[in-house]
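Here the structure comes first, spelled out in structure tokens, and everything after it is commentary.
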Amino acid sequence: MKHPGWLRSGDFTEADEPYALFEAWFEDAKAKEPADPNAMALATVDGEGLPDVRMVLLKGFDERGFVFFTNTTSAKGRELAVQPKAALLFHWKSLNRQVRVRGPVEPVTTEEADAYFATRPRQAQIGAWASQQSAPLESRFAFEKAIALYAAKYAVGDVPRPPHWSGYRIVPLAIEFWHDRPFRLHDRIVFRRADERAPWTKTRLYP
């Protein structure tokens with residue numbers, strides 16, 4: 001396979017589109033980042049416009065966007081229902097690299113959610129039924145009791161996907177790549193587009 005010139009040279013600022021560059025950086029992170037290279041900070045806003053952020057795991061990406069899964073009645077699910085826009089941040093400290101993503105959010109298809117749920121460990125599938133994510137929990141014992149109840153309910157056969165558990169896709173309108181350089185003279189480039197069908201434009205930024 002012939003690699004793009006920027007990949008052969010190692011100068012990421014030569015890249016002319018973001019997806020191949022993200023894939024190359026993500027492969028580096030999977031090889032060198034010691035834990036959870038797919039961890040990303042997800043930022044949303046509530047109904048009053050107050051920002052909220054938490055760590056989630058990237059479970060898929062392609063030219064359609066970046067996918068994660070969660071309980072849709074959680075705080076992030078409720079916030080995305082009101083304001084379906086989000087931002088992501090990948091920080092690979094071992095590589096001195098960051099990637100920022102911003103754009104609208106759309107639900108994944110039922111087929112996508114079912115397919116990913118089927119790959120989860122059985123105990124995690126049970127946990128998706130037992131957890132009322134982000135709701136008040138009276139005690140750890142109450143949670144363990146709920147886990148036991150659903151484990152008994154689905155003791156035989158496959159565990160179905162809960163109706164309140166699914167995925168979201170962030171459709172990027174901006175993707176920024178940042179690489180550490182000495183004396184804080186960092187390299188930054190950002191790819192932007194007006195909508196998901198528009199071509200990307202690239203801009204180099206001051207550190």
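By order of appearance in the structure tokens: chains A, B, ..., then residues from 1 within every chain, and ligands from 1 in the order shown.
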
Q) Could you pull out all residues of chain A with a DSSP call of alpha helix (DSSP H) and give them as a ChimeraX atom specification? A) /A:5-9,18-32,75-82,110-119,122-130,140-153

Generate the output file for the selected residues, C-alpha atoms, as a JSON list (two decimals), in the first residue's frame.
```json
[["chain", "number", "residue", "atom", "x", "y", "z"],
["A", 5, "GLY", "CA", 3.48, 11.73, 1.42],
["A", 6, "TRP", "CA", 2.77, 13.32, 4.79],
["A", 7, "LEU", "CA", 2.66, 9.86, 6.42],
["A", 8, "ARG", "CA", 5.97, 8.86, 4.84],
["A", 9, "SER", "CA", 7.62, 12.12, 5.85],
["A", 18, "PRO", "CA", -8.47, 14.58, 8.54],
["A", 19, "TYR", "CA", -9.63, 10.96, 8.52],
["A", 20, "ALA", "CA", -6.43, 9.27, 7.34],
["A", 21, "LEU", "CA", -4.47, 11.46, 9.75],
["A", 22, "PHE", "CA", -6.72, 10.53, 12.68],
["A", 23, "GLU", "CA", -6.45, 6.85, 11.77],
["A", 24, "ALA", "CA", -2.64, 7.07, 11.70],
["A", 25, "TRP", "CA", -2.51, 8.85, 15.07],
["A", 26, "PHE", "CA", -5.03, 6.44, 16.58],
["A", 27, "GLU", "CA", -2.95, 3.45, 15.46],
["A", 28, "ASP", "CA", 0.10, 5.05, 17.11],
["A", 29, "ALA", "CA", -1.91, 5.57, 20.29],
["A", 30, "LYS", "CA", -3.08, 1.94, 20.36],
["A", 31, "ALA", "CA", 0.54, 0.84, 20.08],
["A", 32, "LYS", "CA", 2.06, 3.24, 22.61],
["A", 75, "ALA", "CA", -27.12, 13.12, 31.93],
["A", 76, "LYS", "CA", -25.32, 13.17, 28.57],
["A", 77, "GLY", "CA", -28.25, 11.45, 26.88],
["A", 78, "ARG", "CA", -30.71, 13.99, 28.26],
["A", 79, "GLU", "CA", -28.43, 16.86, 27.30],
["A", 80, "LEU", "CA", -27.99, 15.56, 23.76],
["A", 81, "ALA", "CA", -31.76, 15.21, 23.43],
["A", 82, "VAL", "CA", -32.09, 18.96, 24.12],
["A", 110, "THR", "CA", -30.85, 0.15, 15.81],
["A", 111, "GLU", "CA", -28.74, -2.34, 13.87],
["A", 112, "GLU", "CA", -25.50, -0.63, 14.91],
["A", 113, "ALA", "CA", -26.56, -0.52, 18.57],
["A", 114, "ASP", "CA", -27.62, -4.18, 18.55],
["A", 115, "ALA", "CA", -24.41, -5.28, 16.86],
["A", 116, "TYR", "CA", -22.16, -3.49, 19.34],
["A", 117, "PHE", "CA", -24.20, -4.54, 22.40],
["A", 118, "ALA", "CA", -23.80, -8.17, 21.34],
["A", 119, "THR", "CA", -20.00, -7.81, 21.57],
["A", 122, "ARG", "CA", -22.22, -10.60, 29.50],
["A", 123, "GLN", "CA", -21.72, -8.90, 32.87],
["A", 124, "ALA", "CA", -21.54, -5.52, 31.15],
["A", 125, "GLN", "CA", -24.77, -6.33, 29.30],
["A", 126, "ILE", "CA", -26.44, -7.14, 32.64],
["A", 127, "GLY", "CA", -25.04, -3.91, 34.08],
["A", 128, "ALA", "CA", -26.67, -1.92, 31.28],
["A", 129, "TRP", "CA", -30.05, -3.21, 32.49],
["A", 130, "ALA", "CA", -29.31, -2.72, 36.18],
["A", 140, "ARG", "CA", -24.04, 0.00, 46.56],
["A", 141, "PHE", "CA", -26.12, -2.90, 47.86],
["A", 142, "ALA", "CA", -29.15, -1.63, 45.92],
["A", 143, "PHE", "CA", -27.12, -1.67, 42.73],
["A", 144, "GLU", "CA", -25.76, -5.16, 43.41],
["A", 145, "LYS", "CA", -29.31, -6.36, 44.09],
["A", 146, "ALA", "CA", -30.46, -4.98, 40.74],
["A", 147, "ILE", "CA", -27.53, -6.73, 39.02],
["A", 148, "ALA", "CA", -28.49, -10.02, 40.69],
["A", 149, "LEU", "CA", -32.12, -9.64, 39.63],
["A", 150, "TYR", "CA", -31.27, -9.06, 35.98],
["A", 151, "ALA", "CA", -28.64, -11.80, 36.02],
["A", 152, "ALA", "CA", -31.37, -14.20, 37.15],
["A", 153, "LYS", "CA", -33.85, -12.85, 34.59]]
```

Q: Apply DSSP to the structure's backbone, then extract all residues of region 52-150 of chain A labelled strand (DSSP E) and return them as an MDAnalysis selection string.
A: chainID A and resid 52:57 60:62 65:71 85:92 97:107

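Shortest separation to Val53 (chain A) among A:Ala198, A:Ala41, A:Ile170, A:Ala35 occurs at residue A:Ala41, atoms counted being only C-alpha atoms.
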
Q) Which residue gives the smallest distance to Ser134 (chain A) among A:Thr13, A:Pro207, A:Asp36, A:Thr72, with only C-alpha atoms counted? A)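 Of A:Thr13, A:Pro207, A:Asp36, A:Thr72, the one nearest Ser134 (chain A), counting only C-alpha atoms, is A:Thr72.
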
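Considering only C-alpha atoms, the residue among A:Ala155, A:Leu137, A:Ile175, A:Val190 positioned nearest to Val101 (chain A) is A:Ile175.
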